[in-house]
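So this block is entry-v6.txt, compact mmCIF, N, CA and C atoms:
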# COMPACT_ATOMS: atom_id res chain seq x y z
N MET A 1 16.09 24.45 -1.23
CA MET A 1 16.02 23.01 -1.40
C MET A 1 15.69 22.42 -0.04
N LYS A 2 14.74 21.49 -0.03
CA LYS A 2 14.36 20.79 1.20
C LYS A 2 14.72 19.33 1.03
N TYR A 3 15.16 18.70 2.09
CA TYR A 3 15.56 17.30 2.05
C TYR A 3 14.63 16.50 2.96
N TYR A 4 14.20 15.34 2.45
CA TYR A 4 13.30 14.46 3.19
C TYR A 4 13.81 13.03 3.13
N ASN A 5 13.51 12.28 4.17
CA ASN A 5 13.72 10.84 4.17
C ASN A 5 12.35 10.21 4.07
N ILE A 6 12.15 9.39 3.03
CA ILE A 6 10.86 8.77 2.77
C ILE A 6 11.04 7.26 2.74
N THR A 7 10.14 6.53 3.41
CA THR A 7 10.19 5.07 3.42
C THR A 7 9.03 4.54 2.58
N VAL A 8 9.36 3.70 1.60
CA VAL A 8 8.36 3.09 0.72
C VAL A 8 8.57 1.58 0.77
N ASN A 9 7.55 0.85 1.21
CA ASN A 9 7.62 -0.60 1.32
C ASN A 9 8.85 -1.06 2.10
N GLY A 10 9.15 -0.35 3.18
CA GLY A 10 10.25 -0.74 4.04
C GLY A 10 11.62 -0.31 3.57
N VAL A 11 11.72 0.40 2.44
CA VAL A 11 13.01 0.86 1.92
C VAL A 11 13.07 2.37 2.07
N ALA A 12 14.11 2.88 2.75
CA ALA A 12 14.25 4.31 2.99
C ALA A 12 14.98 4.97 1.83
N TYR A 13 14.47 6.14 1.41
CA TYR A 13 15.07 6.92 0.34
C TYR A 13 15.30 8.35 0.84
N SER A 14 16.40 8.97 0.43
CA SER A 14 16.64 10.38 0.69
C SER A 14 16.29 11.14 -0.57
N VAL A 15 15.40 12.12 -0.43
CA VAL A 15 14.98 12.90 -1.59
C VAL A 15 15.15 14.38 -1.30
N SER A 16 15.34 15.15 -2.36
CA SER A 16 15.41 16.59 -2.21
C SER A 16 14.35 17.21 -3.11
N VAL A 17 13.73 18.28 -2.62
CA VAL A 17 12.66 18.95 -3.33
C VAL A 17 13.04 20.42 -3.43
N GLU A 18 12.99 20.94 -4.66
CA GLU A 18 13.32 22.33 -4.87
C GLU A 18 12.03 23.13 -4.97
N GLU A 19 11.96 24.22 -4.22
CA GLU A 19 10.80 25.09 -4.27
C GLU A 19 11.00 26.10 -5.39
N THR A 20 9.93 26.40 -6.13
CA THR A 20 10.01 27.39 -7.18
C THR A 20 9.06 28.52 -6.86
N ALA A 21 9.30 29.67 -7.45
CA ALA A 21 8.41 30.82 -7.25
C ALA A 21 7.08 30.52 -7.90
N ALA A 22 6.01 31.10 -7.40
CA ALA A 22 4.67 30.87 -7.95
C ALA A 22 4.65 31.26 -9.41
N GLY A 23 4.19 30.38 -10.27
CA GLY A 23 4.09 30.64 -11.69
C GLY A 23 5.37 30.41 -12.46
N ALA A 24 6.46 30.16 -11.79
CA ALA A 24 7.73 29.93 -12.48
C ALA A 24 7.77 28.51 -13.00
N ALA A 25 8.35 28.36 -14.16
CA ALA A 25 8.48 27.02 -14.74
C ALA A 25 9.57 26.27 -13.99
N PRO A 26 9.33 25.01 -13.68
CA PRO A 26 10.37 24.25 -12.98
C PRO A 26 11.58 24.03 -13.89
N VAL A 27 12.73 24.06 -13.28
CA VAL A 27 13.97 23.84 -14.02
C VAL A 27 14.30 22.36 -13.93
N ALA A 28 14.53 21.74 -15.07
CA ALA A 28 14.85 20.32 -15.09
C ALA A 28 16.28 20.13 -14.61
N ALA A 29 16.41 19.43 -13.52
CA ALA A 29 17.74 19.12 -12.99
C ALA A 29 18.04 17.67 -13.27
N PRO A 30 19.30 17.33 -13.45
CA PRO A 30 19.63 15.93 -13.67
C PRO A 30 19.22 15.11 -12.46
N ALA A 31 18.50 14.05 -12.73
CA ALA A 31 18.01 13.20 -11.65
C ALA A 31 19.11 12.28 -11.16
N ALA A 32 19.48 12.46 -9.92
CA ALA A 32 20.49 11.59 -9.32
C ALA A 32 19.75 10.46 -8.62
N PRO A 33 20.12 9.21 -8.92
CA PRO A 33 19.42 8.11 -8.27
C PRO A 33 19.65 8.14 -6.77
N ALA A 34 18.56 8.03 -6.04
CA ALA A 34 18.64 8.01 -4.58
C ALA A 34 19.22 6.68 -4.13
N ALA A 35 20.15 6.76 -3.23
CA ALA A 35 20.76 5.54 -2.71
C ALA A 35 19.89 5.01 -1.58
N PRO A 36 19.25 3.86 -1.77
CA PRO A 36 18.40 3.34 -0.70
C PRO A 36 19.24 2.90 0.49
N LYS A 37 18.72 3.24 1.66
CA LYS A 37 19.40 2.81 2.88
C LYS A 37 19.00 1.37 3.17
N ALA A 38 19.83 0.68 3.89
CA ALA A 38 19.53 -0.71 4.25
C ALA A 38 18.34 -0.72 5.20
N PRO A 39 17.38 -1.62 5.00
CA PRO A 39 16.25 -1.70 5.92
C PRO A 39 16.72 -2.02 7.33
N ALA A 40 16.04 -1.45 8.31
CA ALA A 40 16.45 -1.62 9.70
C ALA A 40 16.34 -3.07 10.14
N ALA A 41 15.25 -3.74 9.78
CA ALA A 41 15.06 -5.12 10.20
C ALA A 41 14.44 -5.92 9.06
N PRO A 42 14.96 -7.09 8.74
CA PRO A 42 14.38 -7.88 7.67
C PRO A 42 12.97 -8.38 7.98
N ALA A 43 12.55 -8.33 9.24
CA ALA A 43 11.21 -8.80 9.60
C ALA A 43 10.12 -7.91 9.01
N ALA A 44 10.47 -6.68 8.64
CA ALA A 44 9.47 -5.76 8.11
C ALA A 44 9.12 -6.05 6.66
N ALA A 45 9.92 -6.82 5.96
CA ALA A 45 9.69 -7.03 4.53
C ALA A 45 8.48 -7.92 4.24
N PRO A 46 8.57 -9.25 4.37
CA PRO A 46 7.40 -10.07 3.99
C PRO A 46 6.48 -10.32 5.16
N LYS A 47 5.56 -9.37 5.44
CA LYS A 47 4.61 -9.62 6.50
C LYS A 47 3.30 -10.16 5.96
N ALA A 48 3.31 -10.62 4.72
CA ALA A 48 2.10 -11.15 4.11
C ALA A 48 1.92 -12.64 4.37
N ALA A 49 2.91 -13.31 4.89
CA ALA A 49 2.80 -14.75 5.10
C ALA A 49 1.82 -15.06 6.23
N ALA A 50 0.98 -16.01 6.01
CA ALA A 50 -0.01 -16.41 7.01
C ALA A 50 0.47 -17.69 7.70
N PRO A 51 -0.03 -17.97 8.89
CA PRO A 51 0.35 -19.21 9.56
C PRO A 51 -0.12 -20.44 8.78
N ALA A 52 0.58 -21.55 8.97
CA ALA A 52 0.22 -22.79 8.27
C ALA A 52 -1.20 -23.17 8.61
N GLY A 53 -1.94 -23.61 7.60
CA GLY A 53 -3.32 -24.02 7.82
C GLY A 53 -4.32 -22.89 7.69
N ALA A 54 -3.84 -21.68 7.36
CA ALA A 54 -4.76 -20.55 7.19
C ALA A 54 -5.51 -20.70 5.87
N ALA A 55 -6.53 -19.86 5.68
CA ALA A 55 -7.36 -19.95 4.48
C ALA A 55 -6.56 -19.72 3.22
N GLY A 56 -5.56 -18.84 3.25
CA GLY A 56 -4.73 -18.56 2.08
C GLY A 56 -3.28 -18.48 2.48
N ALA A 57 -2.39 -18.66 1.52
CA ALA A 57 -0.96 -18.61 1.81
C ALA A 57 -0.48 -17.18 1.99
N VAL A 58 -1.16 -16.20 1.40
CA VAL A 58 -0.78 -14.80 1.50
C VAL A 58 -1.98 -14.01 2.01
N THR A 59 -1.74 -13.15 2.99
CA THR A 59 -2.82 -12.31 3.49
C THR A 59 -2.53 -10.86 3.10
N VAL A 60 -3.57 -10.15 2.76
CA VAL A 60 -3.46 -8.73 2.45
C VAL A 60 -4.11 -8.01 3.62
N LYS A 61 -3.30 -7.19 4.32
CA LYS A 61 -3.76 -6.54 5.54
C LYS A 61 -4.01 -5.05 5.31
N ALA A 62 -4.84 -4.47 6.15
CA ALA A 62 -5.12 -3.04 6.08
C ALA A 62 -3.87 -2.28 6.52
N PRO A 63 -3.38 -1.36 5.69
CA PRO A 63 -2.18 -0.61 6.07
C PRO A 63 -2.47 0.49 7.08
N MET A 64 -3.76 0.84 7.24
CA MET A 64 -4.16 1.91 8.15
C MET A 64 -5.63 1.70 8.53
N PRO A 65 -6.08 2.31 9.61
CA PRO A 65 -7.50 2.19 9.96
C PRO A 65 -8.36 2.98 8.98
N GLY A 66 -9.57 2.50 8.74
CA GLY A 66 -10.47 3.21 7.84
C GLY A 66 -11.75 2.44 7.59
N ASN A 67 -12.49 2.88 6.58
CA ASN A 67 -13.76 2.27 6.21
C ASN A 67 -13.64 1.63 4.83
N ILE A 68 -14.25 0.47 4.66
CA ILE A 68 -14.24 -0.21 3.37
C ILE A 68 -15.31 0.44 2.48
N LEU A 69 -14.87 1.09 1.39
CA LEU A 69 -15.81 1.71 0.46
C LEU A 69 -16.33 0.71 -0.56
N ASP A 70 -15.46 -0.22 -0.99
CA ASP A 70 -15.86 -1.17 -2.01
C ASP A 70 -14.96 -2.39 -1.96
N VAL A 71 -15.52 -3.55 -2.25
CA VAL A 71 -14.77 -4.79 -2.38
C VAL A 71 -14.84 -5.17 -3.85
N LYS A 72 -13.69 -5.25 -4.51
CA LYS A 72 -13.64 -5.45 -5.96
C LYS A 72 -13.50 -6.91 -6.38
N VAL A 73 -13.27 -7.82 -5.42
CA VAL A 73 -13.07 -9.23 -5.76
C VAL A 73 -13.97 -10.12 -4.90
N ALA A 74 -14.10 -11.37 -5.32
CA ALA A 74 -14.85 -12.37 -4.56
C ALA A 74 -13.97 -13.60 -4.40
N ALA A 75 -14.30 -14.45 -3.45
CA ALA A 75 -13.55 -15.68 -3.24
C ALA A 75 -13.56 -16.50 -4.53
N GLY A 76 -12.40 -17.04 -4.89
CA GLY A 76 -12.28 -17.84 -6.10
C GLY A 76 -11.82 -17.05 -7.31
N ALA A 77 -11.80 -15.73 -7.21
CA ALA A 77 -11.39 -14.89 -8.34
C ALA A 77 -9.89 -14.99 -8.57
N SER A 78 -9.50 -15.02 -9.82
CA SER A 78 -8.09 -15.02 -10.19
C SER A 78 -7.64 -13.57 -10.34
N VAL A 79 -6.53 -13.20 -9.68
CA VAL A 79 -6.02 -11.83 -9.73
C VAL A 79 -4.56 -11.83 -10.11
N LYS A 80 -4.12 -10.72 -10.66
CA LYS A 80 -2.71 -10.52 -11.00
C LYS A 80 -2.15 -9.49 -10.05
N ALA A 81 -0.84 -9.47 -9.89
CA ALA A 81 -0.18 -8.50 -9.02
C ALA A 81 -0.58 -7.10 -9.46
N GLY A 82 -1.01 -6.27 -8.51
CA GLY A 82 -1.41 -4.90 -8.80
C GLY A 82 -2.90 -4.71 -9.03
N ASP A 83 -3.66 -5.81 -9.17
CA ASP A 83 -5.11 -5.68 -9.32
C ASP A 83 -5.71 -5.14 -8.02
N VAL A 84 -6.71 -4.27 -8.13
CA VAL A 84 -7.36 -3.69 -6.96
C VAL A 84 -8.26 -4.74 -6.31
N LEU A 85 -8.05 -4.95 -5.01
CA LEU A 85 -8.85 -5.90 -4.25
C LEU A 85 -9.95 -5.18 -3.48
N VAL A 86 -9.56 -4.11 -2.78
CA VAL A 86 -10.47 -3.40 -1.88
C VAL A 86 -10.15 -1.91 -1.98
N ILE A 87 -11.18 -1.07 -1.80
CA ILE A 87 -10.95 0.37 -1.69
C ILE A 87 -11.22 0.76 -0.24
N LEU A 88 -10.19 1.32 0.40
CA LEU A 88 -10.23 1.68 1.81
C LEU A 88 -10.20 3.20 1.94
N GLU A 89 -11.18 3.76 2.63
CA GLU A 89 -11.18 5.20 2.87
C GLU A 89 -10.55 5.46 4.22
N ALA A 90 -9.52 6.30 4.21
CA ALA A 90 -8.85 6.69 5.44
C ALA A 90 -8.54 8.18 5.35
N MET A 91 -8.90 8.92 6.34
CA MET A 91 -8.67 10.37 6.39
C MET A 91 -9.20 11.06 5.13
N LYS A 92 -10.39 10.69 4.71
CA LYS A 92 -11.09 11.27 3.55
C LYS A 92 -10.36 11.05 2.23
N MET A 93 -9.50 10.03 2.18
CA MET A 93 -8.82 9.68 0.94
C MET A 93 -9.14 8.23 0.61
N GLU A 94 -9.36 7.95 -0.67
CA GLU A 94 -9.62 6.59 -1.11
C GLU A 94 -8.29 5.92 -1.45
N ASN A 95 -8.01 4.79 -0.82
CA ASN A 95 -6.77 4.05 -1.01
C ASN A 95 -7.09 2.71 -1.66
N GLU A 96 -6.46 2.45 -2.78
CA GLU A 96 -6.66 1.16 -3.46
C GLU A 96 -5.71 0.15 -2.84
N ILE A 97 -6.26 -0.91 -2.29
CA ILE A 97 -5.47 -2.00 -1.73
C ILE A 97 -5.35 -3.04 -2.84
N VAL A 98 -4.11 -3.32 -3.24
CA VAL A 98 -3.87 -4.15 -4.42
C VAL A 98 -3.28 -5.50 -4.06
N ALA A 99 -3.39 -6.43 -5.00
CA ALA A 99 -2.83 -7.77 -4.83
C ALA A 99 -1.30 -7.69 -4.87
N PRO A 100 -0.62 -8.31 -3.90
CA PRO A 100 0.84 -8.26 -3.89
C PRO A 100 1.47 -9.20 -4.91
N GLN A 101 0.72 -10.16 -5.41
CA GLN A 101 1.24 -11.14 -6.35
C GLN A 101 0.09 -11.76 -7.13
N ASP A 102 0.42 -12.50 -8.18
CA ASP A 102 -0.59 -13.24 -8.93
C ASP A 102 -1.13 -14.36 -8.04
N GLY A 103 -2.40 -14.69 -8.20
CA GLY A 103 -2.95 -15.79 -7.41
C GLY A 103 -4.46 -15.86 -7.50
N THR A 104 -5.03 -16.63 -6.60
CA THR A 104 -6.47 -16.81 -6.51
C THR A 104 -6.92 -16.34 -5.14
N VAL A 105 -8.04 -15.62 -5.08
CA VAL A 105 -8.57 -15.14 -3.81
C VAL A 105 -9.15 -16.33 -3.06
N ALA A 106 -8.60 -16.62 -1.88
CA ALA A 106 -9.10 -17.72 -1.05
C ALA A 106 -10.30 -17.27 -0.23
N SER A 107 -10.22 -16.05 0.34
CA SER A 107 -11.34 -15.54 1.13
C SER A 107 -11.29 -14.02 1.17
N VAL A 108 -12.46 -13.43 1.28
CA VAL A 108 -12.58 -11.99 1.47
C VAL A 108 -13.14 -11.81 2.87
N ASN A 109 -12.39 -11.14 3.74
CA ASN A 109 -12.74 -11.06 5.16
C ASN A 109 -13.47 -9.78 5.54
N VAL A 110 -13.77 -8.91 4.58
CA VAL A 110 -14.47 -7.66 4.87
C VAL A 110 -15.62 -7.46 3.89
N ASN A 111 -16.54 -6.60 4.27
CA ASN A 111 -17.68 -6.24 3.42
C ASN A 111 -17.71 -4.73 3.26
N LYS A 112 -18.39 -4.28 2.23
CA LYS A 112 -18.57 -2.85 2.00
C LYS A 112 -19.22 -2.24 3.24
N GLY A 113 -18.65 -1.13 3.73
CA GLY A 113 -19.18 -0.45 4.91
C GLY A 113 -18.50 -0.83 6.21
N ASP A 114 -17.68 -1.89 6.21
CA ASP A 114 -16.99 -2.31 7.43
C ASP A 114 -15.94 -1.29 7.84
N THR A 115 -15.67 -1.22 9.14
CA THR A 115 -14.58 -0.42 9.67
C THR A 115 -13.46 -1.37 10.04
N VAL A 116 -12.22 -1.04 9.63
CA VAL A 116 -11.09 -1.91 9.91
C VAL A 116 -10.00 -1.13 10.64
N ASN A 117 -9.17 -1.86 11.34
CA ASN A 117 -8.01 -1.30 12.02
C ASN A 117 -6.76 -1.65 11.24
N SER A 118 -5.70 -0.96 11.52
CA SER A 118 -4.42 -1.24 10.89
C SER A 118 -4.01 -2.68 11.22
N GLY A 119 -3.65 -3.45 10.18
CA GLY A 119 -3.22 -4.82 10.39
C GLY A 119 -4.32 -5.86 10.26
N ASP A 120 -5.58 -5.43 10.16
CA ASP A 120 -6.68 -6.39 9.97
C ASP A 120 -6.54 -7.06 8.62
N VAL A 121 -6.83 -8.36 8.57
CA VAL A 121 -6.74 -9.10 7.30
C VAL A 121 -7.95 -8.77 6.44
N LEU A 122 -7.70 -8.27 5.23
CA LEU A 122 -8.77 -7.92 4.31
C LEU A 122 -9.10 -9.08 3.36
N VAL A 123 -8.04 -9.66 2.77
CA VAL A 123 -8.18 -10.71 1.76
C VAL A 123 -7.08 -11.73 1.97
N SER A 124 -7.42 -13.01 1.79
CA SER A 124 -6.42 -14.09 1.79
C SER A 124 -6.32 -14.61 0.37
N MET A 125 -5.07 -14.92 -0.06
CA MET A 125 -4.84 -15.40 -1.41
C MET A 125 -4.00 -16.67 -1.39
N ASN A 126 -4.14 -17.47 -2.46
CA ASN A 126 -3.28 -18.65 -2.66
C ASN A 126 -2.34 -18.35 -3.80
Let's see the structure in the file written out as structure tokens.
Amino acid sequence: MKYYNITVNGVAYSVSVEETAAGAAPVAAPAAPAAPKAPAAPAAAPKAAAPAGAAGAVTVKAPMPGNILDVKVAAGASVKAGDVLVILEAMKMENEIVAPQDGTVASVNVNKGDTVNSGDVLVSMN
């Protein structure tokens, strides 16, 4: 059994992974709910807020450096939480950057083929 600490959206989880022999069927173990640890700093949670007077009230930022493979929305488009906004290629993997909430796209700040750094604003939403 291997134990890992994994952080997802600023919340830390302790998980255990059981290794099985090659070709062996996994044994179903009762799933114990992982107790989330308290986030280290509340400042890490809502980093989507933009300064007053910005193009949109919510900004969607690049989580990592990479190349923009596709832009799925245009300014003025209505989106729901979880809708794909941009596809970002990083380390030869395609990452779907999704809308954090329902809203309208105020501006799209990247184009297909652009290179972005971690933290660059990709899309602004209202």
task = Could you tell me which of A:Met125, A:Met1, A:Ala81, A:Ala74 comes closest to Val98 of chain A if we count all atoms listed in the file?
result = A:Ala81
request  = Might you pull out every residue within 6.5 Å of Val123 of chain A, with only N, CA and C atoms counted and same-chain residues fewer than 2 positions away left off, and present them as a PyMOL selection string?
outcome  = chain A and resi 58-61+106-110+121+125
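Here atom CA of Gly113 of chain A stands at a distance of 12.1 Å from atom C of Pro65 of chain A.
If only C-alpha atoms are the atoms counted, then among A:Lys2, A:Gly66, A:Gln101, A:Leu122 the closest residue to Thr20 of chain A is A:Lys2.
Our summary of the geometry notes that atom CA of Leu88 of chain A is positioned 28.3 Å from atom CA of Ser14 of chain A.
The coordinates place atom N of Ala12 of chain A at 28.1 Å from atom CA of Asn67 of chain A.
Among the candidate residues A:Thr104, A:Ala57, A:Met93, A:Gly10, the one lying nearest to Ala75 of chain A is A:Thr104, with distances computed using all atoms listed in the file.
Nearest residue to Pro100 of chain A among A:Asp120, A:Asp70, A:Asp83, A:Glu18 is A:Asp83, counting only C-alpha atoms.
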